[in-house]
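Here is the structure we will look at.
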Amino acid sequence: MPVSKLVSALRDVLSTGEHAKITLPTDIPPVPLQSAPPEGWRTYACDAGPWTRFTVSYPRRWHALSGQSDPVHIQPDPRSQLDLSVTVTSHPEPVHGPQGILGQIEELAKARGIECNTSQVQLDRWGDDGWAGSWAWDEQCDGLDRRWRVMALGHDQGTVFVMAEGSTRDYAECAALVESMIASITLPPAELLAPEFFPKALCELLNDRLTPGSTPWGFSPQGHLQCGDLIVRLPHLYRAYLDDGDLDGVASAVDRHSDSADQPPEFAGANWEDISGRLRVVLRRADSLAGLPVVKIPMNGALVACPVLDSDDRMTFIPEVEAERWGLDPRSLLTHAVASLDGSAYPQLVEVFADDGEQLLGFQIADGDGYDSGRLLCPRIRASIEAALGGPLIVIMPSAGLVLVARDDDALRNNLAEAAATGYARRPRPLSEELWRWTEAGLELL
């Protein structure tokens with residue numbers, strides 16, 4: 001079972017002294033009964049675009065601290081001086097019944113350097129379609145006593161891990177709160193495919209529907225669905241799938257596009273008035289489009305801004321010959337594309353808070369429709385974010401799908417610059433490793 005991502009996500013929590021004395025309590029806590037949180041509690045949602053991997057609720061005076069949505073560390077108000085934390089993270093690994101849960105907890109214990117007797121793990125169902133397992137241990141190190149409580153829960157679409165730990169005294173004081181937090185965790189429906197599993201399932205279904213001799217479906221180097229020269233973007237398809245849960249319906253819509261793949265692009269020969277409202281804009285690395293005869297406008301930082309045409313399941317870069325036929329130069333076309341995107345529905349923003357859980361530092365532009373990078377050219381969106389944050393803005397965009405906007409601050413500059421460089425190096429299709437200033441004049445390199 002692949003656990004490298006899990007262990008990496010929980011590395012700081014799992015680190016321990018080499019000479020800790022481990023004892024197993026006689027009262028391993030059972031899996032709590034899933035229940036709604038008490039009135040007034042806050043709820044944290046771990047989102048991957050339109051898909052919510054889990055939600056967890058916590059007392060209003062506690063704080064939820066997270067980097068990029070997962071894992072989340074929930075801690076009491078620092079003024080309480082309680083030595084206690086609850087960490088929740090997810091992993092896109094299906095749970096194969098109770099035996100799978102036992103294996104997950106065993107791996108967690110090994111990462112801590114503990115041998116787990118799986119017969120001591122408390123097992124139970126989680127909701128109608130999931131399983132959960134609970135285990136605990138006590139540690140003594142340098143005269144300090146600590147309690148650890150772990151749980152693994154999940155179903156076919158992934159696993160959620162919970163790790164609560166603190167001083168034995170403080171844990172005992174807050175044990176009921178910890179159990180209520182764990183009991184509040186919700187998972188997405190098991191019958192809906194997680195984003196990691198949707199592309200392959202759709203591709204297999206499309207190939208099952210092909211007639212003999214047809215070109216099979218596969219994936220482009222950028223991860224889009226591809227059949228011959230036809231490339232179909234997945235974000236819109238996934239949103240449509242989540243709306244009604246009908247994979248066959250999504251496949252039928254793709255089939256209709258495939259049947260017309262030999263026809264000219266839908267904007268070819270169309271009047272400007274017919275397509276202008278569907279213009280959008282994206283940012284790309286200049287070298288990724290070098291030599292392609294599509295409309296692109298150079299920017300700083302080795303980037304280009306590209307007007308594109310939006311449809312229900314794809315974006316289409318606009319050939320230079322089409323812009324010439326419409327009588328528009330590249331910058332005029334870009335102006336129209338920015339105005340069209342800026343005037344469309346306001347994007348989804350994910351709040352990013354300071355460690356105290358109270359101060360709003362910034363937002364991730366996370367609409368997931370493929371145009372998040374292009375929104376950095378939109379004045380209406382910029383003005384509203386600046387008003388919400390109350391000051392000048394800085395931006396990082398390690399990839400076109402990871403755009404973070406924050407209020408300009410010296411400490412944040414250092415943190416975001418490091419995040420940009422790290423994210424750029426790790427992304428399969430990176431965009432920029434630079435730190436940017438976002439003003440009325442546009443994007444400026446810092």
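Just remember, in the structure tokens the first chain shown is A, the second B, etc., residues are 1-based per chain, and ligands are 1-based in the order shown.
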
Using only C-alpha atoms, what table do you get, as JSON lines, when you list each residue of stretch 305-383 of chain A with an atom no more than 12 Å from stretch 65-86 of chain A, its nearest pair of atoms, and their distance in Å rounded to one decimal, rows by chain then rising number?
{"residue": "A:Val350", "atom": "CA", "partner": "A:Ser69", "partner_atom": "CA", "distance": 8.8}
{"residue": "A:Glu351", "atom": "CA", "partner": "A:Ser69", "partner_atom": "CA", "distance": 9.7}
{"residue": "A:Val352", "atom": "CA", "partner": "A:Ser66", "partner_atom": "CA", "distance": 8.1}
{"residue": "A:Phe353", "atom": "CA", "partner": "A:Leu65", "partner_atom": "CA", "distance": 7.5}
{"residue": "A:Ala354", "atom": "CA", "partner": "A:Leu65", "partner_atom": "CA", "distance": 7.7}
{"residue": "A:Asp355", "atom": "CA", "partner": "A:Leu65", "partner_atom": "CA", "distance": 6.0}
{"residue": "A:Asp356", "atom": "CA", "partner": "A:Asp77", "partner_atom": "CA", "distance": 7.9}
{"residue": "A:Gly357", "atom": "CA", "partner": "A:Leu65", "partner_atom": "CA", "distance": 6.5}
{"residue": "A:Glu358", "atom": "CA", "partner": "A:Leu65", "partner_atom": "CA", "distance": 10.2}
{"residue": "A:Gln359", "atom": "CA", "partner": "A:Leu65", "partner_atom": "CA", "distance": 11.5}
{"residue": "A:Leu360", "atom": "CA", "partner": "A:Leu65", "partner_atom": "CA", "distance": 11.9}
{"residue": "A:Phe363", "atom": "CA", "partner": "A:Gln68", "partner_atom": "CA", "distance": 10.7}
{"residue": "A:Gln364", "atom": "CA", "partner": "A:Gln68", "partner_atom": "CA", "distance": 8.9}
{"residue": "A:Ile365", "atom": "CA", "partner": "A:Gln68", "partner_atom": "CA", "distance": 12.0}
{"residue": "A:Ala366", "atom": "CA", "partner": "A:Gln68", "partner_atom": "CA", "distance": 11.3}

Kindly save the residues from that selection, with C-alpha atoms included, as a PDB file, in the first residue's frame.
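The result, written out as result.pdb:
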ATOM      1  CA  VAL A 350     -10.449  29.618  -0.497  1.00  0.00           C
ATOM      2  CA  GLU A 351      -9.514  31.643   2.576  1.00  0.00           C
ATOM      3  CA  VAL A 352      -5.984  31.426   4.008  1.00  0.00           C
ATOM      4  CA  PHE A 353      -5.669  32.392   7.677  1.00  0.00           C
ATOM      5  CA  ALA A 354      -2.740  33.210   9.970  1.00  0.00           C
ATOM      6  CA  ASP A 355      -1.631  30.721  12.613  1.00  0.00           C
ATOM      7  CA  ASP A 356      -4.026  32.252  15.134  1.00  0.00           C
ATOM      8  CA  GLY A 357      -6.920  31.232  12.899  1.00  0.00           C
ATOM      9  CA  GLU A 358      -8.369  34.749  13.034  1.00  0.00           C
ATOM     10  CA  GLN A 359      -6.368  37.008  10.694  1.00  0.00           C
ATOM     11  CA  LEU A 360      -7.210  36.596   7.009  1.00  0.00           C
ATOM     12  CA  PHE A 363      -7.045  33.660  -0.852  1.00  0.00           C
ATOM     13  CA  GLN A 364      -6.444  30.826  -3.248  1.00  0.00           C
ATOM     14  CA  ILE A 365      -8.287  31.408  -6.509  1.00  0.00           C
ATOM     15  CA  ALA A 366      -9.711  27.923  -6.857  1.00  0.00           C
TER      16      ALA A 366
END

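The protein and nucleic acid residues lying at most 10 Å from A:Leu234 are Pro195, Phe198, Pro199, Leu202, Gly223, His224, Leu225, Arg239, Ala240, Asp313, Arg314, Asp369 and Gly370 of chain A, with only C-alpha atoms considered and sequence neighbours fewer than 5 positions away removed.
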
Write the residues you've just listed into a file as an mmCIF file, in the first residue's frame, and include N, CA and C atoms for each of them.
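Generated output (selection-v5.cif):
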data_model
loop_
_atom_site.group_PDB
_atom_site.id
_atom_site.type_symbol
_atom_site.label_atom_id
_atom_site.label_comp_id
_atom_site.auth_asym_id
_atom_site.auth_seq_id
_atom_site.Cartn_x
_atom_site.Cartn_y
_atom_site.Cartn_z
ATOM 1 N N PRO A 195 -11.685 12.786 -7.768
ATOM 2 C CA PRO A 195 -11.013 13.330 -8.961
ATOM 3 C C PRO A 195 -9.863 12.470 -9.450
ATOM 4 N N PHE A 198 -11.824 9.565 -11.524
ATOM 5 C CA PHE A 198 -12.763 9.921 -12.593
ATOM 6 C C PHE A 198 -12.147 9.820 -13.989
ATOM 7 N N PRO A 199 -10.942 10.376 -14.250
ATOM 8 C CA PRO A 199 -10.424 10.350 -15.626
ATOM 9 C C PRO A 199 -10.294 8.940 -16.191
ATOM 10 N N LEU A 202 -13.755 7.331 -16.860
ATOM 11 C CA LEU A 202 -14.403 7.886 -18.050
ATOM 12 C C LEU A 202 -13.722 7.391 -19.317
ATOM 13 N N GLY A 223 -2.489 15.764 -19.583
ATOM 14 C CA GLY A 223 -3.461 15.094 -18.734
ATOM 15 C C GLY A 223 -4.898 15.219 -19.182
ATOM 16 N N HIS A 224 -5.154 15.784 -20.376
ATOM 17 C CA HIS A 224 -6.504 15.896 -20.895
ATOM 18 C C HIS A 224 -6.882 14.614 -21.650
ATOM 19 N N LEU A 225 -8.179 14.375 -21.779
ATOM 20 C CA LEU A 225 -8.648 13.268 -22.620
ATOM 21 C C LEU A 225 -8.293 13.544 -24.071
ATOM 22 N N ARG A 239 -17.160 18.502 -13.175
ATOM 23 C CA ARG A 239 -18.223 19.265 -12.518
ATOM 24 C C ARG A 239 -19.594 18.759 -12.954
ATOM 25 N N ALA A 240 -19.754 18.502 -14.253
ATOM 26 C CA ALA A 240 -21.026 17.987 -14.754
ATOM 27 C C ALA A 240 -21.336 16.629 -14.142
ATOM 28 N N ASP A 313 -16.844 21.800 -22.415
ATOM 29 C CA ASP A 313 -15.884 20.792 -21.971
ATOM 30 C C ASP A 313 -14.470 21.034 -22.471
ATOM 31 N N ARG A 314 -14.184 22.223 -23.008
ATOM 32 C CA ARG A 314 -12.841 22.457 -23.505
ATOM 33 C C ARG A 314 -12.568 23.949 -23.647
ATOM 34 N N ASP A 369 -11.945 25.869 -13.124
ATOM 35 C CA ASP A 369 -12.483 25.791 -14.481
ATOM 36 C C ASP A 369 -11.422 25.965 -15.552
ATOM 37 N N GLY A 370 -10.155 26.086 -15.135
ATOM 38 C CA GLY A 370 -9.070 26.246 -16.090
ATOM 39 C C GLY A 370 -8.652 27.685 -16.307
#

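Using only C-alpha atoms, the shortest contact distance between A:Gly301 and any of A:Leu443, A:Ile275, A:Cys46, A:Ala201 is found at A:Leu443.
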
| Which polymer residues have any atom within 12 Å of an atom of A:Ser340, counting only C-alpha atoms, with same-chain residues fewer than 5 positions away left out, as a PyMOL selection string? | chain A and resi 275-281+307-310+333-335+345-346+371+374-375+377-380

| message | Between A:Met315, A:Met163, A:Leu416, A:Ile105, which residue has the minimum interatomic distance to A:Val121, considering only C-alpha atoms? | response | A:Ile105

| Among stretch 140-329 of chain A, which ones does DSSP place in alpha helix (DSSP H), written as an NGL selection string? | :A and (168-183 or 198-208 or 234-244 or 247-259 or 272-275 or 320-326)

| message | Would you pick out the contacts of A:Glu106 at 12 Å or less, using only C-alpha atoms, so that residues sharing its chain but fewer than 3 positions from it are not included, and give the list as an MDAnalysis selection string? | response | chainID A and resid 1 3 99:103 109:121 133:136 150:152

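Of the listed residues (A:Arg427, A:Ser373, A:Asp367, A:Ala45), A:Ser373 comes nearest to A:Val338; the distances count only C-alpha atoms.
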
| message | What does the structure give for the distance between atom CA of A:Thr168 and atom CA of A:Arg146, in Å to one decimal? | response | 4.7 Å

| task | Please indicate the distance in Å from atom CA of A:Cys306 to atom CA of A:Ile318, rounded to one decimal place. | result | 8.2 Å

| query | Within 8 Å of stretch 52-58 of chain A, counting only C-alpha atoms, which residues qualify if same-chain residues fewer than 4 places away don't, as a PyMOL selection string? | reply | chain A and resi 37+41-48+62+74+90+160+181-182+184-188

Just write the chosen residues, C-alpha atoms, as a short mmCIF file (atom, residue, chain, number, x, y, z; two decimals), in the first residue's frame.
data_model
loop_
_atom_site.label_atom_id
_atom_site.label_comp_id
_atom_site.auth_asym_id
_atom_site.auth_seq_id
_atom_site.Cartn_x
_atom_site.Cartn_y
_atom_site.Cartn_z
CA PRO A 37 -21.34 18.91 15.74
CA TRP A 41 -18.87 25.02 16.15
CA ARG A 42 -16.89 25.93 13.04
CA THR A 43 -16.48 23.55 10.10
CA TYR A 44 -13.35 23.06 8.01
CA ALA A 45 -13.73 21.64 4.49
CA CYS A 46 -10.82 20.01 2.68
CA ASP A 47 -11.60 20.74 -0.97
CA ALA A 48 -9.98 19.57 -4.19
CA TRP A 62 -10.07 26.56 18.66
CA ILE A 74 -6.73 21.88 14.98
CA SER A 90 -6.67 12.53 3.53
CA VAL A 160 -9.06 10.06 6.09
CA MET A 181 -14.58 16.47 16.61
CA ILE A 182 -13.88 12.97 15.28
CA SER A 184 -18.30 15.25 13.17
CA ILE A 185 -16.12 14.13 10.24
CA THR A 186 -18.05 13.67 7.02
CA LEU A 187 -16.91 11.93 3.83
CA PRO A 188 -18.17 12.41 0.27
#

| Spatial neighbours of A:Leu376, max dist 9 Å, only C-alpha atoms, sep filter under 4 positions, as a PyMOL selection string | chain A and resi 283+372+381-382+395+403+438+442-443

Could you write those residues out with N, CA and C atoms, as a PDB file, in the first residue's frame?
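To be explicit, this is the file written out as again_18.pdb:
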ATOM      1  N   LEU A 283      -2.980  32.229 -18.634  1.00  0.00           N
ATOM      2  CA  LEU A 283      -1.541  32.507 -18.680  1.00  0.00           C
ATOM      3  C   LEU A 283      -0.802  31.197 -18.914  1.00  0.00           C
ATOM      4  N   ASP A 372      -8.190  30.092 -13.718  1.00  0.00           N
ATOM      5  CA  ASP A 372      -7.743  30.761 -12.495  1.00  0.00           C
ATOM      6  C   ASP A 372      -6.556  31.680 -12.753  1.00  0.00           C
ATOM      7  N   ILE A 381     -11.982  41.548 -10.207  1.00  0.00           N
ATOM      8  CA  ILE A 381     -11.606  40.540  -9.215  1.00  0.00           C
ATOM      9  C   ILE A 381     -10.487  41.076  -8.333  1.00  0.00           C
ATOM     10  N   ARG A 382      -9.505  41.755  -8.946  1.00  0.00           N
ATOM     11  CA  ARG A 382      -8.406  42.305  -8.156  1.00  0.00           C
ATOM     12  C   ARG A 382      -8.910  43.309  -7.129  1.00  0.00           C
ATOM     13  N   VAL A 395       1.300  37.957  -5.267  1.00  0.00           N
ATOM     14  CA  VAL A 395       0.745  36.751  -5.898  1.00  0.00           C
ATOM     15  C   VAL A 395       1.853  35.754  -6.170  1.00  0.00           C
ATOM     16  N   VAL A 403      -3.090  29.316  -7.718  1.00  0.00           N
ATOM     17  CA  VAL A 403      -2.893  30.759  -7.699  1.00  0.00           C
ATOM     18  C   VAL A 403      -3.222  31.265  -6.299  1.00  0.00           C
ATOM     19  N   TRP A 438       0.461  42.659  -7.535  1.00  0.00           N
ATOM     20  CA  TRP A 438      -0.766  42.789  -8.325  1.00  0.00           C
ATOM     21  C   TRP A 438      -1.393  44.135  -8.032  1.00  0.00           C
ATOM     22  N   GLY A 442      -1.593  46.071 -13.223  1.00  0.00           N
ATOM     23  CA  GLY A 442      -1.463  44.681 -13.636  1.00  0.00           C
ATOM     24  C   GLY A 442      -0.466  43.917 -12.782  1.00  0.00           C
ATOM     25  N   LEU A 443       0.118  42.879 -13.346  1.00  0.00           N
ATOM     26  CA  LEU A 443       1.096  42.037 -12.650  1.00  0.00           C
ATOM     27  C   LEU A 443       2.500  42.574 -12.873  1.00  0.00           C
TER      28      LEU A 443
END
